[in-house]
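Structure, as structure tokens:
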Amino acid sequence: MFPARIEHYARPRTVAEALAALSRCEPGEAIFLAGGQSAMQAIKSRMLRPQALVDLQAVAELKGITLTGGALTIGAMTRYADIARDARLGGAFGALTDAASHVGDRQVRNRGTIGGSVCWNYVAACTPTAVLATGGRMNLGATSGATRSLAADDFLLGPLETARQDDELLLSVSWDAPAARTGSAYAKWGLVTDALPVIGVGVSVTQDASGKCVQARVALAGLAGGAQRGPAAEVLLMGSAGDAATIDAAFAALAAEADTHSDLSADADYRRQLIQSLGREVAQRAFDRARA
Amino acid sequence: MPVVKLTVNGTRYEEEVPERLLLVDFLRERLALTGTHVGCTFEGVCGACTIHLDGEAVKSCLMLAVQADGHEITTIEGLAGDTLTPLQAAFREHHSLQCGFCTPGILMNMSDFLRENPDPSEDEIRRGLVGNLCRCTGYVHIVRAVKDAARRMRGEA
Ligand SMILES: Cc1cc2nc3c(=O)[nH]c(=O)nc-3n(C[C@H](O)[C@H](O)[C@H](O)COP(=O)(O)OP(=O)(O)OC[C@H]3O[C@@H](n4cnc5c(N)ncnc54)[C@H](O)[C@@H]3O)c2cc1C
Ligand code: FES
Ligand code: FES
């Protein structure tokens with residue numbers, strides 16, 4: 001299959017040029033092209049028929065990983081391969097490298113980007129869930145020159161839906177400097193190695209000096225509602241010592257409550273099992289990283 | 001129509017291309033480099049179309065030809081010089097292909113993989129191969145060849 005007719009192709013070199021290229025098009029006519037690992041599927045299958053493409057590949061200021069005083073900023077055009085091999089991103093940001101290093105396959109990781117992934121917000125995807133679990137913020141710039149910053153919880157609205165407006169470009173995803181003794185992790189189960197998650201689980205926890213859990217965020221991938229928090233597990237983890245019994249109970253509660261569905265990949269009960277078993281493994285790893 | 005200037009297998013090209021032309025179709029139909037195969041419809045899951053874009057393995061069916069402007073591309077036709085690469089030789093010796101449809105994509109992916117990981121474990125090789133489907137071999141001989149090629153490229157017997 002090949003794309004329907006495309007009238008314009010632009011390859012801006014700066015954010016200002018990218019926004020200018022977008023503002024020259026009618027609203028909804030143009031789309032940004034990041035890694036193309038989802039957009040090109042949609043364009044080839046003609047689910048998307050953009051009149052114009054604004055290719056972000058040459059916008060250097062959208063690429064790169066910056067750590068300043070513990071705070072992390074990842075440019076929207078930073079690829080999975082670059083996130084996966086950044087040795088600085090353990091501990092509090094471990095969920096991001098866990099997710100990035102198992103997206104699809106190495107060809108996809110050489111091209112796909114964090115920005116493309118959160119803007120696409122596919123119903124079963126790794127990065128939106130890892131970003132939600134770690135409490136990332138989406139930094140957007142509009143053609144009007146306005147900028148705004150949205151928490152992942154407010155940005156990720158549902159499958160293929162985000163709070164991004166048509167005239168906005170995602171510039172970066174960023175995280176405040178994490179509290180001491182914070183750890184995060186992500187894991188998924190799919191039909192083949194590194195496949196899209198049938199279920200994916202992301203967890204971020206912070207412990208105080210006595211080992212008590214004072215911050216817990218749990219996020220799931222693979223439910224019909226898309227990337228979402230798991231408050232049923234969070235409340236049980238909070239205040240606990242991050243011990244195995246509490247973790248068990250937390251993910252049993254989340255599995256019991258989660259709105260799982262049946263499809264060709266797995267039935268609803270199997271998805272509950274996955275939430276429990278992956279949740280145990282991921283939470284354990286998050287606490288281990290918090291203690292390290 | 002946009003004009004793309006790019007290097008493919010060491011040769012410079014300057015061509016007018018419609019915006020919607022896929023890179024894989026440009027390579028196959030314009031440049032007659034038909035060693036790059038097409039194995040899926042729109043999903044980008046089979047890896048048969050894998051090429052090197054500035055030295056890195058990517059799927060050429062998920063890119064437009066216009067996006068390759070200013071870049072350097074290597075296809076299977078450009079992988080070997082006068083003699084086969086150690087990876088290609090190992091594929092031949094280990095019977096790592098049957099119909100051969102998947103082979104160009106696998107060689108392009110695995111040559112990039114070995115550059116990044118010169119001493120891979122079997123597990124790492126299998127994970128590296130996830131983006132390439134082979135419907136004939138069952139992968140066993142492919143994994144064996146990649147392992148053997150890695151050994152030879154490290155200068156071990
Ligand atoms: C074989 C295969 C396997 C895969 N496996 C997985 C997997 O296991 N897990 C997983 O999570 N994903 C998987 N994916 C999807 C992959 O993660 C995509 O890379 C991702 O969904 C989209 O990122 P991209 O950079 O390719 O963006 P694109 O496809 O280029 O863009 C996606 C959308 O986001 C918009 N967009 C992109 N960047 C911006 C920006 N900066 N500002 C505003 N809008 C923007 C585009 O306009 C488009 O609508 C797989 C894909 C393939 C082909
Ligand atoms: S043709 Fe199947 S991945 Fe490109
Ligand atoms: S040898 Fe036939 S598909 Fe791999």
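Going by the structure tokens order, chains are called A, B, ..., each with residues numbered from 1, while ligands are numbered from 1 in the order shown.
Excluding stretch 135-148 of chain B and any residue on its chain fewer than 5 positions from it, the residues at most 8 Å away by only C-alpha atoms are Leu87, Ala90, Phe91, Glu93, His94, His95, Ser96, Leu97, Gln98, Cys99, Met110, Pro120, Ser121, Glu122, Ile125 and Arg126 of chain B.
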May I have the residues from that selection written out with N, CA and C atoms, as an mmCIF file, in the first residue's frame?
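Ended up saving to selection-v5.cif:
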```
data_model
loop_
_atom_site.group_PDB
_atom_site.id
_atom_site.type_symbol
_atom_site.label_atom_id
_atom_site.label_comp_id
_atom_site.auth_asym_id
_atom_site.auth_seq_id
_atom_site.Cartn_x
_atom_site.Cartn_y
_atom_site.Cartn_z
ATOM 1 N N LEU B 87 29.374 -11.712 7.401
ATOM 2 C CA LEU B 87 27.995 -12.075 7.730
ATOM 3 C C LEU B 87 27.343 -12.801 6.552
ATOM 4 N N ALA B 90 28.793 -16.240 6.237
ATOM 5 C CA ALA B 90 28.275 -17.136 7.275
ATOM 6 C C ALA B 90 26.855 -17.589 6.943
ATOM 7 N N PHE B 91 26.055 -16.700 6.383
ATOM 8 C CA PHE B 91 24.698 -17.086 5.986
ATOM 9 C C PHE B 91 24.755 -18.206 4.945
ATOM 10 N N GLU B 93 27.242 -20.368 4.442
ATOM 11 C CA GLU B 93 27.779 -21.613 5.007
ATOM 12 C C GLU B 93 26.805 -22.313 5.943
ATOM 13 N N HIS B 94 26.025 -21.534 6.659
ATOM 14 C CA HIS B 94 25.124 -22.138 7.657
ATOM 15 C C HIS B 94 23.723 -22.401 7.090
ATOM 16 N N HIS B 95 23.556 -22.255 5.800
ATOM 17 C CA HIS B 95 22.240 -22.477 5.170
ATOM 18 C C HIS B 95 21.171 -21.643 5.870
ATOM 19 N N SER B 96 21.435 -20.357 5.988
ATOM 20 C CA SER B 96 20.539 -19.491 6.764
ATOM 21 C C SER B 96 19.410 -18.926 5.916
ATOM 22 N N LEU B 97 19.289 -19.398 4.684
ATOM 23 C CA LEU B 97 18.155 -18.955 3.878
ATOM 24 C C LEU B 97 17.598 -20.120 3.086
ATOM 25 N N GLN B 98 16.282 -20.031 2.864
ATOM 26 C CA GLN B 98 15.660 -21.011 1.979
ATOM 27 C C GLN B 98 15.122 -20.276 0.763
ATOM 28 N N CYS B 99 13.964 -19.602 0.891
ATOM 29 C CA CYS B 99 13.477 -18.855 -0.284
ATOM 30 C C CYS B 99 14.264 -17.563 -0.469
ATOM 31 N N MET B 110 21.144 -7.141 10.752
ATOM 32 C CA MET B 110 22.168 -7.789 11.576
ATOM 33 C C MET B 110 23.558 -7.174 11.372
ATOM 34 N N PRO B 120 27.587 -10.677 20.735
ATOM 35 C CA PRO B 120 26.233 -10.879 21.261
ATOM 36 C C PRO B 120 25.994 -12.292 21.769
ATOM 37 N N SER B 121 25.135 -12.405 22.762
ATOM 38 C CA SER B 121 24.679 -13.721 23.209
ATOM 39 C C SER B 121 23.577 -14.185 22.257
ATOM 40 N N GLU B 122 23.214 -15.453 22.348
ATOM 41 C CA GLU B 122 22.136 -15.961 21.498
ATOM 42 C C GLU B 122 20.837 -15.196 21.765
ATOM 43 N N ILE B 125 20.902 -11.881 20.054
ATOM 44 C CA ILE B 125 20.701 -12.034 18.604
ATOM 45 C C ILE B 125 19.221 -12.230 18.308
ATOM 46 N N ARG B 126 18.577 -13.101 19.082
ATOM 47 C CA ARG B 126 17.151 -13.357 18.847
ATOM 48 C C ARG B 126 16.324 -12.099 19.060
#
```
Name the residues of chain B that fall into strand (DSSP E) according to DSSP on the backbone, using the chain letters and numbers of this document, as number ranges by chain. B: 3-8, 11-16, 50-53, 56-59, 72-74
Show me, as a short mmCIF file (atom, residue, chain, number, x, y, z; two decimals) with all heavy atoms, in the first residue's frame, the residues of chain A whose atoms get within 8 Å of chain B, using only C-alpha atoms for the distance check.
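Saved file part-v2.cif follows:
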```cif
data_model
loop_
_atom_site.label_atom_id
_atom_site.label_comp_id
_atom_site.auth_asym_id
_atom_site.auth_seq_id
_atom_site.Cartn_x
_atom_site.Cartn_y
_atom_site.Cartn_z
N MET A 1 0.84 -1.20 0.00
CA MET A 1 0.00 0.00 0.00
C MET A 1 0.87 1.24 0.00
O MET A 1 1.99 1.20 0.48
CB MET A 1 -0.88 -0.01 1.25
CG MET A 1 -1.95 -1.07 1.22
SD MET A 1 -2.89 -1.09 2.73
CE MET A 1 -4.35 -0.22 2.23
N PHE A 2 0.30 2.31 -0.54
CA PHE A 2 1.07 3.56 -0.53
C PHE A 2 0.14 4.73 -0.22
O PHE A 2 -1.08 4.60 -0.33
CB PHE A 2 1.80 3.75 -1.87
CG PHE A 2 0.90 3.72 -3.06
CD1 PHE A 2 0.35 4.90 -3.54
CD2 PHE A 2 0.59 2.53 -3.70
CE1 PHE A 2 -0.48 4.89 -4.65
CE2 PHE A 2 -0.24 2.51 -4.81
CZ PHE A 2 -0.79 3.69 -5.29
N PRO A 3 0.71 5.84 0.18
CA PRO A 3 -0.12 6.96 0.65
C PRO A 3 -0.98 7.57 -0.45
O PRO A 3 -0.62 7.51 -1.64
CB PRO A 3 0.91 7.99 1.12
CG PRO A 3 2.18 7.24 1.31
CD PRO A 3 2.14 6.11 0.33
N ALA A 4 -2.08 8.17 -0.04
CA ALA A 4 -2.86 9.00 -0.96
C ALA A 4 -2.03 10.25 -1.28
O ALA A 4 -1.01 10.52 -0.64
CB ALA A 4 -4.19 9.39 -0.31
N ARG A 5 -2.48 11.02 -2.24
CA ARG A 5 -1.75 12.20 -2.68
C ARG A 5 -1.45 13.14 -1.51
O ARG A 5 -2.32 13.40 -0.67
CB ARG A 5 -2.59 12.91 -3.73
CG ARG A 5 -1.83 13.93 -4.52
CD ARG A 5 -2.77 14.56 -5.54
NE ARG A 5 -2.17 15.80 -5.98
CZ ARG A 5 -1.26 15.86 -6.96
NH1 ARG A 5 -0.89 14.78 -7.59
NH2 ARG A 5 -0.75 17.03 -7.30
N ILE A 6 -0.22 13.60 -1.46
CA ILE A 6 0.18 14.58 -0.45
C ILE A 6 0.61 15.83 -1.21
O ILE A 6 1.39 15.74 -2.16
CB ILE A 6 1.36 14.04 0.40
CG1 ILE A 6 0.94 12.75 1.15
CG2 ILE A 6 1.88 15.08 1.38
CD1 ILE A 6 2.11 11.95 1.73
N GLU A 7 0.06 16.99 -0.83
CA GLU A 7 0.33 18.21 -1.62
C GLU A 7 1.64 18.87 -1.24
O GLU A 7 2.34 19.41 -2.09
CB GLU A 7 -0.82 19.23 -1.43
CG GLU A 7 -2.19 18.72 -1.86
CD GLU A 7 -2.31 18.51 -3.36
OE1 GLU A 7 -1.52 19.11 -4.12
OE2 GLU A 7 -3.18 17.71 -3.78
N HIS A 8 1.94 18.89 0.05
CA HIS A 8 3.12 19.63 0.50
C HIS A 8 3.93 18.82 1.49
O HIS A 8 3.37 18.12 2.33
CB HIS A 8 2.74 20.95 1.19
CG HIS A 8 1.86 21.81 0.36
ND1 HIS A 8 2.32 22.52 -0.73
CD2 HIS A 8 0.54 22.07 0.46
CE1 HIS A 8 1.31 23.18 -1.27
NE2 HIS A 8 0.22 22.92 -0.57
N TYR A 9 5.23 18.98 1.39
CA TYR A 9 6.13 18.37 2.35
C TYR A 9 7.09 19.46 2.81
O TYR A 9 7.70 20.13 1.97
CB TYR A 9 6.90 17.22 1.71
CG TYR A 9 8.05 16.71 2.55
CD1 TYR A 9 7.84 15.81 3.60
CD2 TYR A 9 9.37 17.15 2.31
CE1 TYR A 9 8.90 15.35 4.36
CE2 TYR A 9 10.43 16.69 3.08
CZ TYR A 9 10.19 15.79 4.10
OH TYR A 9 11.23 15.35 4.87
N GLY A 36 7.54 8.38 12.27
CA GLY A 36 6.72 7.77 11.22
C GLY A 36 6.33 6.33 11.50
O GLY A 36 5.69 5.69 10.67
N GLN A 37 6.66 5.82 12.68
CA GLN A 37 6.44 4.39 12.92
C GLN A 37 4.98 4.09 13.23
O GLN A 37 4.57 2.93 13.18
CB GLN A 37 7.36 3.88 14.04
CG GLN A 37 8.84 4.12 13.77
CD GLN A 37 9.33 3.42 12.50
OE1 GLN A 37 9.38 2.20 12.43
NE2 GLN A 37 9.67 4.20 11.48
N MET A 40 3.13 6.63 9.50
CA MET A 40 3.23 6.09 8.15
C MET A 40 2.32 4.88 7.94
O MET A 40 1.80 4.67 6.85
CB MET A 40 4.69 5.74 7.81
CG MET A 40 5.57 6.96 7.53
SD MET A 40 4.94 8.02 6.20
CE MET A 40 5.02 6.90 4.81
N GLN A 41 2.11 4.10 9.01
CA GLN A 41 1.14 3.00 8.90
C GLN A 41 -0.23 3.59 8.58
O GLN A 41 -0.94 3.10 7.70
CB GLN A 41 1.01 2.26 10.24
CG GLN A 41 2.24 1.49 10.69
CD GLN A 41 2.04 0.88 12.08
OE1 GLN A 41 1.31 1.43 12.91
NE2 GLN A 41 2.69 -0.24 12.33
N ALA A 42 -0.58 4.65 9.30
CA ALA A 42 -1.90 5.25 9.14
C ALA A 42 -2.03 5.94 7.79
O ALA A 42 -3.10 5.93 7.17
CB ALA A 42 -2.16 6.25 10.27
N LYS A 44 -0.28 5.09 5.02
CA LYS A 44 -0.31 4.06 3.97
C LYS A 44 -1.67 3.36 3.91
O LYS A 44 -2.17 3.06 2.84
CB LYS A 44 0.80 3.01 4.22
CG LYS A 44 2.18 3.52 3.84
CD LYS A 44 3.26 2.63 4.38
CE LYS A 44 3.37 1.30 3.65
NZ LYS A 44 4.43 0.46 4.23
N SER A 45 -2.25 3.10 5.07
CA SER A 45 -3.55 2.44 5.08
C SER A 45 -4.67 3.44 4.78
O SER A 45 -5.83 3.06 4.64
CB SER A 45 -3.80 1.77 6.43
OG SER A 45 -3.96 2.76 7.42
N ASP A 55 7.76 17.52 8.48
CA ASP A 55 8.70 16.51 8.97
C ASP A 55 9.61 17.15 10.03
O ASP A 55 10.27 18.15 9.76
CB ASP A 55 9.53 16.02 7.76
CG ASP A 55 10.48 14.88 8.12
OD1 ASP A 55 10.59 14.54 9.31
OD2 ASP A 55 11.11 14.35 7.18
N GLY A 104 8.81 -2.55 20.22
CA GLY A 104 8.84 -3.11 18.86
C GLY A 104 10.10 -3.90 18.55
O GLY A 104 10.29 -5.01 19.02
N ASP A 105 10.95 -3.31 17.75
CA ASP A 105 12.18 -3.98 17.31
C ASP A 105 13.24 -2.91 17.09
O ASP A 105 12.94 -1.72 17.17
CB ASP A 105 11.92 -4.79 16.04
CG ASP A 105 11.30 -3.94 14.92
OD1 ASP A 105 11.90 -2.92 14.55
OD2 ASP A 105 10.20 -4.28 14.44
N ARG A 106 14.47 -3.34 16.78
CA ARG A 106 15.54 -2.33 16.75
C ARG A 106 15.37 -1.33 15.61
O ARG A 106 15.73 -0.16 15.74
CB ARG A 106 16.93 -2.94 16.80
CG ARG A 106 17.27 -4.02 15.83
CD ARG A 106 18.58 -4.71 16.22
NE ARG A 106 19.67 -3.78 16.46
CZ ARG A 106 20.31 -3.13 15.49
NH1 ARG A 106 19.98 -3.31 14.25
NH2 ARG A 106 21.27 -2.29 15.81
N GLN A 107 14.77 -1.74 14.51
CA GLN A 107 14.53 -0.78 13.43
C GLN A 107 13.53 0.28 13.89
O GLN A 107 13.70 1.48 13.60
CB GLN A 107 13.99 -1.48 12.18
CG GLN A 107 14.96 -2.46 11.52
CD GLN A 107 14.68 -3.91 11.89
OE1 GLN A 107 14.51 -4.22 13.08
NE2 GLN A 107 14.64 -4.80 10.92
N VAL A 108 12.50 -0.14 14.60
CA VAL A 108 11.51 0.81 15.12
C VAL A 108 12.17 1.74 16.15
O VAL A 108 11.94 2.95 16.16
CB VAL A 108 10.30 0.07 15.74
CG1 VAL A 108 9.40 1.03 16.52
CG2 VAL A 108 9.49 -0.64 14.66
N ASN A 110 15.19 2.69 16.23
CA ASN A 110 16.09 3.61 15.54
C ASN A 110 15.37 4.80 14.94
O ASN A 110 16.00 5.72 14.43
CB ASN A 110 16.84 2.89 14.41
CG ASN A 110 18.05 2.14 14.92
OD1 ASN A 110 18.55 2.42 16.01
ND2 ASN A 110 18.55 1.19 14.14
N ARG A 111 14.05 4.79 14.96
CA ARG A 111 13.28 5.81 14.27
C ARG A 111 12.20 6.43 15.16
O ARG A 111 11.99 7.63 15.15
CB ARG A 111 12.65 5.11 13.07
CG ARG A 111 12.36 5.83 11.82
CD ARG A 111 13.50 6.38 11.06
NE ARG A 111 12.90 7.34 10.13
CZ ARG A 111 13.48 8.39 9.64
NH1 ARG A 111 14.73 8.66 9.93
NH2 ARG A 111 12.84 9.22 8.85
N THR A 193 8.11 -11.47 21.51
CA THR A 193 9.11 -10.63 22.17
C THR A 193 8.96 -9.17 21.75
O THR A 193 8.92 -8.87 20.55
CB THR A 193 10.53 -11.12 21.78
OG1 THR A 193 10.61 -12.50 22.08
CG2 THR A 193 11.59 -10.37 22.55
N ASP A 194 8.91 -8.29 22.73
CA ASP A 194 8.88 -6.84 22.50
C ASP A 194 7.67 -6.34 21.70
O ASP A 194 7.68 -5.25 21.15
CB ASP A 194 10.18 -6.35 21.84
CG ASP A 194 11.39 -6.53 22.76
OD1 ASP A 194 11.20 -6.84 23.95
OD2 ASP A 194 12.54 -6.35 22.28
#
```
Calculate how many Å separate atom CA of A:Ser172 from atom CA of A:Leu62, rounding to one decimal.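 Calculated distance between atom CA of A:Ser172 and atom CA of A:Leu62 is 7.0 Å.
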Name each residue within 8 Å of ligand 1, counting only C-alpha atoms and all ligand atoms, as a PyMOL selection string. (chain A and resi 31-41+56+62+76-77+79+99+102-105+108-109+111-122+124-128+140+164+168-172+194-197) or (chain B and resi 43-46+62+131)
